[in-house]
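Printed here is target_20.tsv (TSV, C-alpha atoms and all ligand atoms):
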```tsv
chain	number	residue	atom	x	y	z
A	1181	MET	CA	68.80	59.08	105.99
A	1182	PRO	CA	69.48	62.80	106.44
A	1183	LEU	CA	69.21	64.80	103.22
A	1184	VAL	CA	72.45	66.68	103.75
A	1185	PRO	CA	75.56	64.69	104.73
A	1186	SER	CA	77.09	65.76	108.04
A	1187	TYR	CA	80.37	66.81	106.40
A	1188	ILE	CA	78.43	69.27	104.21
A	1189	LYS	CA	76.36	70.55	107.13
A	1190	THR	CA	79.52	71.42	109.05
A	1191	LEU	CA	81.32	72.85	106.03
A	1192	ALA	CA	82.42	76.47	106.42
A	1193	ASN	CA	81.56	78.80	103.52
A	1194	TYR	CA	84.37	80.04	101.31
A	1195	ILE	CA	84.89	83.65	102.39
A	1196	PRO	CA	86.50	85.68	99.60
A	1197	GLY	CA	88.21	89.06	99.94
A	1198	LYS	CA	85.63	91.82	100.49
A	1199	PRO	CA	84.26	93.05	97.13
A	1200	ILE	CA	84.60	96.79	96.37
A	1201	GLU	CA	80.80	97.12	95.91
A	1202	ASP	CA	80.17	95.83	99.47
A	1203	VAL	CA	82.50	98.42	100.97
A	1204	GLN	CA	80.95	101.16	98.85
A	1205	ARG	CA	77.49	100.17	100.04
A	1206	GLU	CA	78.36	99.55	103.69
A	1207	LEU	CA	80.63	102.52	104.32
A	1208	GLY	CA	79.42	104.93	101.66
A	1209	LEU	CA	82.96	105.36	100.36
A	1210	LYS	CA	83.91	106.19	96.79
A	1211	ASN	CA	87.60	105.92	96.14
A	1212	ILE	CA	88.25	102.35	97.20
A	1213	ILE	CA	91.26	100.19	96.44
A	1214	LYS	CA	91.19	96.43	96.73
A	1215	LEU	CA	94.38	94.69	97.75
A	1216	ALA	CA	92.64	91.60	99.05
A	1217	SER	CA	92.44	88.86	96.43
A	1218	ASN	CA	95.85	88.62	94.75
A	1219	GLU	CA	94.52	89.88	91.44
A	1220	ASN	CA	96.62	91.67	88.83
A	1221	SER	CA	96.28	95.34	89.74
A	1222	MET	CA	97.04	96.33	86.12
A	1223	GLY	CA	93.74	94.82	84.95
A	1224	PRO	CA	93.24	92.15	82.31
A	1225	SER	CA	95.70	91.36	79.52
A	1226	PRO	CA	94.76	93.77	76.67
A	1227	LEU	CA	95.12	91.02	74.06
A	1228	ALA	CA	92.75	88.81	76.05
A	1229	LEU	CA	90.28	91.65	76.33
A	1230	GLU	CA	90.39	92.22	72.59
A	1231	ALA	CA	89.77	88.51	71.98
A	1232	ILE	CA	86.75	88.55	74.30
A	1233	GLN	CA	85.30	91.59	72.55
A	1234	LYS	CA	85.72	89.99	69.12
A	1235	SER	CA	84.20	86.71	70.26
A	1236	MET	CA	81.15	88.07	72.04
A	1237	LYS	CA	78.94	87.73	69.00
A	1238	LEU	CA	79.43	83.96	69.12
A	1239	THR	CA	78.22	83.49	72.66
A	1240	HIS	CA	74.96	81.85	71.52
A	1241	ARG	CA	77.08	78.79	70.59
A	1242	TYR	CA	78.30	76.16	73.03
A	1243	PRO	CA	82.07	76.22	73.43
A	1244	ASP	CA	84.34	73.48	72.18
A	1245	SER	CA	84.01	71.03	75.06
A	1246	SER	CA	87.50	69.64	74.47
A	1247	GLY	CA	89.02	73.14	74.47
A	1248	TYR	CA	91.16	72.11	71.51
A	1249	ASN	CA	92.66	75.46	70.47
A	1250	LEU	CA	93.81	76.52	73.91
A	1251	ARG	CA	95.01	73.05	74.87
A	1252	LYS	CA	96.95	72.83	71.62
A	1253	LYS	CA	98.58	76.19	72.23
A	1254	LEU	CA	99.48	75.24	75.81
A	1255	SER	CA	100.89	71.91	74.64
A	1256	GLU	CA	103.10	73.71	72.12
A	1257	ASN	CA	104.22	76.37	74.58
A	1258	TYR	CA	105.13	73.81	77.21
A	1259	ASN	CA	106.39	71.14	74.85
A	1260	VAL	CA	103.99	68.40	75.90
A	1261	LYS	CA	101.29	66.45	74.06
A	1262	LEU	CA	97.72	67.70	73.71
A	1263	ASP	CA	96.70	64.66	75.78
A	1264	ASN	CA	98.71	66.00	78.70
A	1265	VAL	CA	96.65	69.19	79.02
A	1266	VAL	CA	93.36	69.83	80.78
A	1267	LEU	CA	91.38	73.07	81.17
A	1268	GLY	CA	88.96	74.18	83.85
A	1269	ALA	CA	86.91	77.07	85.19
A	1270	GLY	CA	89.95	78.37	87.04
A	1271	SER	CA	92.47	75.99	88.53
A	1272	GLU	CA	89.91	75.43	91.26
A	1273	GLY	CA	87.58	74.02	88.62
A	1274	ILE	CA	90.24	71.42	87.80
A	1275	MET	CA	90.83	70.70	91.51
A	1276	SER	CA	87.15	70.00	91.86
A	1277	THR	CA	87.27	67.60	88.89
A	1278	ILE	CA	90.30	65.87	90.40
A	1279	MET	CA	88.44	65.24	93.65
A	1280	ARG	CA	85.46	63.78	91.80
A	1281	THR	CA	87.62	61.64	89.51
A	1282	PHE	CA	90.11	59.90	91.76
A	1283	LEU	CA	88.77	59.59	95.30
A	1284	LEU	CA	87.40	56.23	96.45
A	1285	GLN	CA	85.35	55.76	99.60
A	1286	ASP	CA	88.23	55.21	102.05
A	1287	ASP	CA	90.84	57.38	100.38
A	1288	GLU	CA	92.63	60.04	102.40
A	1289	ILE	CA	94.08	63.43	101.61
A	1290	ILE	CA	97.18	65.11	103.03
A	1291	THR	CA	97.87	68.82	102.88
A	1292	ALA	CA	99.03	71.75	104.99
A	1293	LYS	CA	96.83	73.32	107.62
A	1294	ASN	CA	96.04	77.01	107.07
A	1295	SER	CA	97.03	77.01	103.40
A	1296	PHE	CA	94.79	77.80	100.39
A	1297	ILE	CA	91.13	77.93	101.47
A	1298	GLY	CA	89.83	76.94	98.04
A	1299	PHE	CA	91.37	73.50	98.45
A	1300	ARG	CA	90.23	73.27	102.05
A	1301	VAL	CA	86.61	73.68	100.96
A	1302	LEU	CA	86.96	71.02	98.25
A	1303	ALA	CA	88.71	68.58	100.59
A	1304	ASN	CA	86.10	68.99	103.32
A	1305	ALA	CA	83.25	68.77	100.81
A	1306	SER	CA	84.65	65.45	99.55
A	1307	GLY	CA	83.77	63.85	102.90
A	1308	ARG	CA	87.12	62.03	102.93
A	1309	LYS	CA	89.56	61.99	105.81
A	1310	VAL	CA	92.00	64.87	105.50
A	1311	HIS	CA	95.30	65.15	107.37
A	1312	TRP	CA	95.82	68.87	107.98
A	1313	VAL	CA	99.52	69.16	108.76
A	1314	PRO	CA	100.61	72.36	110.56
A	1315	MET	CA	103.09	74.58	108.76
A	1316	LYS	CA	106.50	75.32	110.20
A	1317	ASN	CA	107.87	78.86	110.03
A	1318	TYR	CA	105.02	79.75	107.67
A	1319	ARG	CA	106.12	77.04	105.22
A	1320	TYR	CA	104.78	73.63	104.19
A	1321	ASP	CA	106.36	71.01	106.47
A	1322	LEU	CA	106.99	68.24	103.95
A	1323	LYS	CA	108.66	65.98	106.50
A	1324	ALA	CA	105.64	66.06	108.78
A	1325	MET	CA	103.38	65.58	105.75
A	1326	SER	CA	105.35	62.52	104.61
A	1327	GLU	CA	104.85	60.98	108.05
A	1328	LYS	CA	101.09	61.00	107.45
A	1329	ILE	CA	101.30	58.84	104.33
A	1330	ASN	CA	99.58	55.48	104.80
A	1331	GLU	CA	97.95	52.80	102.66
A	1332	TYR	CA	94.83	54.97	102.23
A	1333	THR	CA	96.60	58.09	101.03
A	1334	LYS	CA	95.36	59.09	97.58
A	1335	ILE	CA	95.96	62.82	97.16
A	1336	ILE	CA	98.63	65.17	98.46
A	1337	TYR	CA	98.01	68.85	97.76
A	1338	ILE	CA	100.81	71.40	97.78
A	1339	ALA	CA	100.36	75.06	96.90
A	1340	ASN	CA	103.74	76.22	95.70
A	1341	PRO	CA	104.14	79.09	96.40
A	1342	ASP	CA	101.69	78.93	99.25
A	1343	ASN	CA	98.76	81.29	99.58
A	1344	PRO	CA	98.47	83.11	102.00
A	1345	MET	CA	102.14	83.07	103.04
A	1346	GLY	CA	103.91	83.44	99.69
A	1347	THR	CA	106.61	81.01	100.88
A	1348	TYR	CA	107.73	78.11	98.70
A	1349	ILE	CA	109.29	74.70	98.91
A	1350	THR	CA	112.62	74.40	97.19
A	1351	ARG	CA	113.63	71.95	94.48
A	1352	GLU	CA	115.78	70.01	96.94
A	1353	GLU	CA	113.00	69.78	99.48
A	1354	PHE	CA	110.58	68.59	96.85
A	1355	ASP	CA	113.05	66.02	95.46
A	1356	ASP	CA	113.56	64.52	98.92
A	1357	PHE	CA	109.83	64.45	99.53
A	1358	TYR	CA	109.02	62.90	96.18
A	1359	LYS	CA	111.30	59.94	96.87
A	1360	ILE	CA	109.13	59.01	99.85
A	1361	VAL	CA	105.73	59.32	98.16
A	1362	PRO	CA	104.42	56.03	96.72
A	1363	GLU	CA	103.65	56.08	92.98
A	1364	ARG	CA	99.97	55.32	93.62
A	1365	VAL	CA	99.58	58.70	95.36
A	1366	LEU	CA	98.59	61.69	93.25
A	1367	ILE	CA	100.46	64.91	94.06
A	1368	ILE	CA	98.70	68.13	93.09
A	1369	LEU	CA	101.23	70.90	92.65
A	1370	ASP	CA	99.22	74.09	92.59
A	1371	GLU	CA	101.42	76.69	90.93
A	1372	ALA	CA	98.92	79.56	90.69
A	1373	TYR	CA	101.76	82.05	91.29
A	1374	PHE	CA	104.38	80.29	89.17
A	1375	GLU	CA	105.08	83.27	86.91
A	1376	TYR	CA	106.04	85.38	89.92
A	1377	ALA	CA	108.04	82.65	91.67
A	1378	GLN	CA	110.03	81.35	88.72
A	1379	LYS	CA	112.75	83.97	89.21
A	1380	GLU	CA	113.88	82.09	92.34
A	1381	LYS	CA	116.79	79.85	91.36
A	1382	ASN	CA	115.75	76.96	93.60
A	1383	PHE	CA	112.04	77.10	92.80
A	1384	PRO	CA	110.96	73.68	91.52
A	1385	ASP	CA	109.26	74.19	88.15
A	1386	SER	CA	107.11	71.07	88.11
A	1387	MET	CA	106.96	71.12	84.30
A	1388	LYS	CA	110.56	69.96	84.42
A	1389	TYR	CA	109.59	66.86	86.43
A	1390	ARG	CA	106.73	65.32	84.48
A	1391	TYR	CA	106.37	62.36	86.82
A	1392	ASP	CA	103.35	60.14	86.21
A	1393	ASN	CA	101.71	60.89	89.55
A	1394	ILE	CA	102.05	64.69	89.55
A	1395	ILE	CA	99.46	67.07	88.23
A	1396	THR	CA	100.57	70.66	87.75
A	1397	LEU	CA	97.90	73.34	88.05
A	1398	ARG	CA	98.30	76.86	86.72
A	1399	THR	CA	95.93	79.72	86.13
A	1400	PHE	CA	95.11	82.76	84.05
A	1401	SER	CA	93.67	84.42	87.17
A	1402	LYS	CA	96.86	85.99	88.45
A	1403	VAL	CA	99.54	87.45	86.20
A	1404	TYR	CA	97.28	87.30	83.09
A	1405	GLY	CA	94.63	89.33	84.92
A	1406	LEU	CA	91.69	87.08	84.06
A	1407	ALA	CA	90.35	86.04	87.48
A	1408	GLY	CA	86.82	87.09	86.48
A	1409	VAL	CA	86.53	84.85	83.42
A	1410	ARG	CA	87.55	81.64	85.29
A	1411	ILE	CA	90.16	79.87	83.26
A	1412	GLY	CA	92.92	77.58	84.49
A	1413	TYR	CA	94.93	74.69	83.10
A	1414	GLY	CA	96.72	71.59	84.22
A	1415	PHE	CA	99.38	69.20	82.95
A	1416	ALA	CA	99.63	65.51	83.81
A	1417	HIS	CA	100.13	62.03	82.42
A	1418	GLU	CA	97.68	61.30	79.62
A	1419	SER	CA	95.97	58.52	81.58
A	1420	LEU	CA	95.07	61.02	84.30
A	1421	ILE	CA	93.98	63.68	81.82
A	1422	ARG	CA	91.84	61.20	79.85
A	1423	ASN	CA	89.83	60.46	82.98
A	1424	LEU	CA	89.61	64.08	84.10
A	1425	MET	CA	88.18	64.92	80.67
A	1426	LYS	CA	85.41	62.34	81.22
A	1427	VAL	CA	84.42	63.75	84.60
A	1428	LYS	CA	84.78	67.49	84.03
A	1429	VAL	CA	81.60	69.51	83.63
A	1430	PRO	CA	80.81	69.46	79.88
A	1431	PHE	CA	81.48	72.80	78.16
A	1432	GLU	CA	83.69	74.04	80.98
A	1433	PRO	CA	85.49	76.41	80.62
A	1434	SER	CA	83.28	78.90	78.81
A	1435	PHE	CA	83.91	80.04	75.26
A	1436	LEU	CA	85.04	83.53	76.32
A	1437	ALA	CA	87.35	81.99	78.90
A	1438	GLN	CA	88.97	79.78	76.27
A	1439	VAL	CA	89.55	82.56	73.73
A	1440	SER	CA	90.84	84.97	76.37
A	1441	GLY	CA	93.33	82.40	77.67
A	1442	PHE	CA	94.55	81.74	74.13
A	1443	SER	CA	95.31	85.41	73.49
A	1444	ALA	CA	96.66	86.07	76.98
A	1445	LEU	CA	99.41	83.54	76.29
A	1446	GLU	CA	100.61	85.79	73.48
A	1447	ASP	CA	100.62	88.92	75.61
A	1448	LYS	CA	104.31	88.88	76.52
A	1449	LEU	CA	104.50	92.65	76.88
A	1450	PHE	CA	101.72	92.70	79.46
A	1451	ILE	CA	103.22	89.80	81.42
A	1452	ASP	CA	106.64	91.47	81.50
A	1453	LYS	CA	105.13	94.77	82.65
A	1454	SER	CA	103.05	93.02	85.31
A	1455	LEU	CA	106.03	91.13	86.70
A	1456	LYS	CA	108.13	94.29	86.76
A	1457	LEU	CA	105.44	96.27	88.54
A	1458	ASN	CA	105.01	93.46	91.04
A	1459	GLY	CA	108.73	93.31	91.83
A	1460	GLU	CA	108.95	97.08	92.30
A	1461	GLY	CA	105.78	97.14	94.41
A	1462	MET	CA	107.02	94.31	96.59
A	1463	ASN	CA	110.33	96.10	97.24
A	1464	TYR	CA	108.54	99.35	98.01
A	1465	LEU	CA	106.23	97.62	100.50
A	1466	TYR	CA	109.08	95.69	102.19
A	1467	GLU	CA	111.06	98.88	102.61
A	1468	ASN	CA	108.16	100.86	104.04
A	1469	PHE	CA	106.77	98.09	106.23
A	1470	SER	CA	110.23	97.80	107.71
A	1471	LYS	CA	110.33	101.57	108.42
A	1472	LEU	CA	106.99	101.19	110.20
A	1473	ASN	CA	108.22	98.12	112.11
A	1474	VAL	CA	105.58	95.96	110.47
A	1475	ARG	CA	106.70	92.33	110.30
A	1476	VAL	CA	106.30	90.50	106.99
A	1477	VAL	CA	106.68	86.93	105.77
A	1478	PRO	CA	108.99	87.18	102.72
A	1479	SER	CA	106.93	86.26	99.66
A	1480	VAL	CA	107.69	85.20	96.07
A	1481	ALA	CA	104.14	85.80	94.83
A	1482	ASN	CA	102.01	88.90	94.10
A	1483	PHE	CA	101.08	89.49	97.72
A	1484	VAL	CA	102.76	89.74	101.07
A	1485	THR	CA	101.50	88.75	104.50
A	1486	THR	CA	102.06	91.04	107.46
A	1487	VAL	CA	102.18	89.70	111.01
A	1488	TRP	CA	100.76	91.74	113.91
A	1489	ASN	CA	101.13	91.44	117.66
A	1490	SER	CA	97.70	89.92	118.24
A	1491	PRO	CA	94.49	88.95	116.42
A	1492	LYS	CA	92.90	92.01	118.01
A	1493	GLN	CA	95.51	94.33	116.54
A	1494	ALA	CA	95.26	92.69	113.11
A	1495	LYS	CA	91.48	93.09	113.13
A	1496	SER	CA	91.72	96.69	114.24
A	1497	ILE	CA	94.25	97.58	111.50
A	1498	PHE	CA	92.05	95.80	108.94
A	1499	GLU	CA	89.01	97.81	110.02
A	1500	LYS	CA	90.83	101.12	110.12
A	1501	LEU	CA	92.20	100.56	106.62
A	1502	LEU	CA	88.71	99.65	105.44
A	1503	LYS	CA	87.33	102.91	106.79
A	1504	LYS	CA	89.95	104.68	104.71
A	1505	GLY	CA	88.83	102.77	101.61
A	1506	ILE	CA	91.59	100.16	101.50
A	1507	ILE	CA	90.57	96.51	101.44
A	1508	VAL	CA	93.25	94.06	102.56
A	1509	ARG	CA	92.64	90.50	103.72
A	1510	HIS	CA	92.41	89.61	107.39
A	1511	LEU	CA	93.53	85.99	107.45
A	1512	ASN	CA	91.25	84.79	110.24
A	1513	SER	CA	89.36	82.47	107.92
A	1514	PHE	CA	92.67	80.90	106.91
A	1515	GLY	CA	93.51	80.34	110.58
A	1516	TRP	CA	96.18	83.06	110.78
A	1517	THR	CA	94.23	85.40	113.03
A	1518	ASP	CA	97.15	87.78	113.66
A	1519	CYS	CA	97.93	88.29	109.96
A	1520	LEU	CA	96.82	90.61	107.18
A	1521	ARG	CA	97.60	89.76	103.57
A	1522	VAL	CA	98.19	92.57	101.12
A	1523	SER	CA	98.15	92.12	97.35
A	1524	ILE	CA	100.73	94.17	95.48
A	1525	GLY	CA	98.92	97.07	93.87
A	1526	LEU	CA	99.70	99.83	91.40
A	1527	LYS	CA	102.36	102.30	92.49
A	1528	GLU	CA	99.83	104.84	93.72
A	1529	GLU	CA	97.81	102.15	95.52
A	1530	ASN	CA	100.85	100.86	97.42
A	1531	LYS	CA	101.71	104.44	98.31
A	1532	ARG	CA	98.23	105.15	99.62
A	1533	LEU	CA	98.35	101.98	101.71
A	1534	ILE	CA	101.62	103.04	103.33
A	1535	GLU	CA	100.41	106.60	103.93
A	1536	CYS	CA	97.27	105.26	105.62
A	1537	LEU	CA	99.24	102.76	107.69
A	1538	LYS	CA	101.55	105.56	108.81
A	1539	SER	CA	98.59	107.44	110.19
A	1540	ILE	CA	97.26	104.32	111.91
A	1541	VAL	CA	100.22	102.58	113.55
B	1	LIG	C1	97.16	78.76	95.69
B	1	LIG	C2	96.01	79.12	94.82
B	1	LIG	N1	95.53	78.22	93.97
B	1	LIG	C3	94.49	78.50	93.15
B	1	LIG	C4	93.88	79.72	93.20
B	1	LIG	C5	92.64	79.96	92.39
B	1	LIG	O1	92.92	80.08	91.10
B	1	LIG	P1	91.76	80.09	90.03
B	1	LIG	O2	91.24	81.47	89.98
B	1	LIG	O3	92.48	79.66	88.81
B	1	LIG	O4	90.71	79.10	90.42
B	1	LIG	C6	94.34	80.71	94.05
B	1	LIG	C7	93.67	82.00	94.09
B	1	LIG	O5	93.76	82.79	94.95
B	1	LIG	C8	95.42	80.39	94.88
B	1	LIG	O6	95.89	81.29	95.74
```

What does this structure look like when you write it as structure tokens?
Ligand SMILES: Cc1ncc(COP(=O)(O)O)c(C=O)c1O
Amino acid sequence: MPLVPSYIKTLANYIPGKPIEDVQRELGLKNIIKLASNENSMGPSPLALEAIQKSMKLTHRYPDSSGYNLRKKLSENYNVKLDNVVLGAGSEGIMSTIMRTFLLQDDEIITAKNSFIGFRVLANASGRKVHWVPMKNYRYDLKAMSEKINEYTKIIYIANPDNPMGTYITREEFDDFYKIVPERVLIILDEAYFEYAQKEKNFPDSMKYRYDNIITLRTFSKVYGLAGVRIGYGFAHESLIRNLMKVKVPFEPSFLAQVSGFSALEDKLFIDKSLKLNGEGMNYLYENFSKLNVRVVPSVANFVTTVWNSPKQAKSIFEKLLKKGIIVRHLNSFGWTDCLRVSIGLKEENKRLIECLKSIV
């Protein structure tokens, strides 16, 4: 028996956006801006930060493994029962628990090809058969996905909005799709960018559905600015949550993650400011990309993907921007080799990006 299963041996590493420290070290640059990982450019929620500072002196204690305070607050905010809420070390932590909880030996997974890499890694690491369904016009192709459903289907994963395209499936599209999915199939609706997308009238807020076989995943990593502390949450039927709670890593998420999430939920001012800045930044980038004849995929999230003439051109633009101290994301590891994804930055960051692009293209 080989020590490492073949599906782990062939697994590709998760490649994150380039960290600022790497670019500093490799290129000897100082003034670097990172627009590569869809983080909140404004920084962390100030209320969350304050809560972390106050709680630091208690870090010798194990956290509340059930995450009672934060789950209670989320249940009140979203008008569901405590038993409908689960927490994790980021929404990816919950995805990982889902995979370990529900998949049997012969179960299969259906999702879109070239969508969120975090899920791709988890799906491949599970060793189960995965149907990777190509996207159509940079969007999830729900019809093609529904055609893959068979008696072995256990999990369908949908990132809505999608990362890296920022496109979304509409309420109507989801309603039609849902009718076809058998009740025994678990649908993961990953709404990491929900706060940005909710302004779209036909965006399907899955909290309004509350079907027994849907699990909604959300995160504090994006608009709340807490990607570094790893805290996410999910809502589902209590029978699903009960079992996830048994399988999740004990004491996940950390104490500081739990308290920061709790306070971030109260930081309405910061959320409003972040959403406003994002909207303005997105408009500014659209306008200026258009002036530079740079093609974009219209996005409802906190990033926008640009499409270049060839993988070679995309790589070259990526490298030239890097040399000027701007980190964007070349989407080759996602499978979109001709695309660069740009997170919406602060006003001055967006401006610097456009100025640099002007000198390059
Ligand atoms: C679609 C999607 N889901 C989940 C995540 C990860 O969220 P978290 O930091 O909560 O694990 C991301 C982060 O980029 C994402 O784009």

Original post:
Would you name the residues within 10 Å of ligand LIG 1 (chain B), counting all atoms listed in the file, and put them as a PyMOL selection string?
Top reply: chain A and resi 1196-1197+1216-1219+1268-1276+1295-1299+1338-1346+1369-1374+1397-1402+1405-1413+1481-1483

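The residue that comes closest to Ser1306 of chain A, out of A:Ser1186, A:Asn1211, A:Ser1326, A:Thr1517 and on the basis of all atoms listed in the file, is A:Ser1186.
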
Subject >> Nearest to Gly1441 of chain A, chosen from A:Ile1497, A:Met1236, A:Val1203, A:Leu1229, with all atoms listed in the file counted in the distances >> reply: A:Leu1229

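Closest approach to Arg1390 of chain A among A:Glu1352, A:Glu1446, A:Glu1499, A:Glu1418: A:Glu1418, based on only C-alpha atoms.
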
Original post:
Which residue gives the smallest distance to Lys1453 of chain A among A:Ser1225, A:Asn1489, A:Ser1434, A:Asn1317, with all atoms listed in the file counted?
Top reply: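 Ranked by minimum distance to Lys1453 of chain A, first place goes to A:Ser1225.
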
Original post:
Which of these, A:Glu1206, A:Glu1363, A:Glu1201, A:Asp1321, has the shortest distance to Asp1392 of chain A once you count all atoms listed in the file?
Top reply: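 Between A:Glu1206, A:Glu1363, A:Glu1201, A:Asp1321, the residue approaching Asp1392 of chain A most closely is A:Glu1363.
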
Subject >> Which residue of A:Asn1257, A:Ile1278, A:Lys1328, A:Tyr1376 approaches Thr1291 of chain A most closely, using all atoms listed in the file >> reply: A:Lys1328

Subject >> Within 12 Å of Asn1259 of chain A using only C-alpha atoms, minus same-chain residues under 5 positions, as an MDAnalysis selection string >> reply: chainID A and resid 1251:1254 1264:1265 1387:1388 1390 1415

**OP:** Write out as number ranges by chain which residues come within 10 Å of Val1541 of chain A when counting all atoms listed in the file, dropping same-chain ones fewer than 2 positions away.
**Re:** A: 1472-1474, 1493, 1497, 1536-1539

File dump, residues just selected, C-alpha atoms, as a PDB file, keeping the file's coordinate frame:
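Below is the file result22.pdb, written as the result:
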```pdb
ATOM      1  CA  LEU A1472     106.990 101.190 110.200  1.00  0.00           C
ATOM      2  CA  ASN A1473     108.220  98.120 112.110  1.00  0.00           C
ATOM      3  CA  VAL A1474     105.580  95.960 110.470  1.00  0.00           C
ATOM      4  CA  GLN A1493      95.510  94.330 116.540  1.00  0.00           C
ATOM      5  CA  ILE A1497      94.250  97.580 111.500  1.00  0.00           C
ATOM      6  CA  CYS A1536      97.270 105.260 105.620  1.00  0.00           C
ATOM      7  CA  LEU A1537      99.240 102.760 107.690  1.00  0.00           C
ATOM      8  CA  LYS A1538     101.550 105.560 108.810  1.00  0.00           C
ATOM      9  CA  SER A1539      98.590 107.440 110.190  1.00  0.00           C
TER      10      SER A1539
END
```

**OP:** Could you please determine the separation between atom CA of Leu1455 of chain A and atom CA of Ser1221 of chain A in Å, to one decimal place?
**Re:**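 Going from atom CA of Leu1455 of chain A over to atom CA of Ser1221 of chain A covers 11.0 Å.
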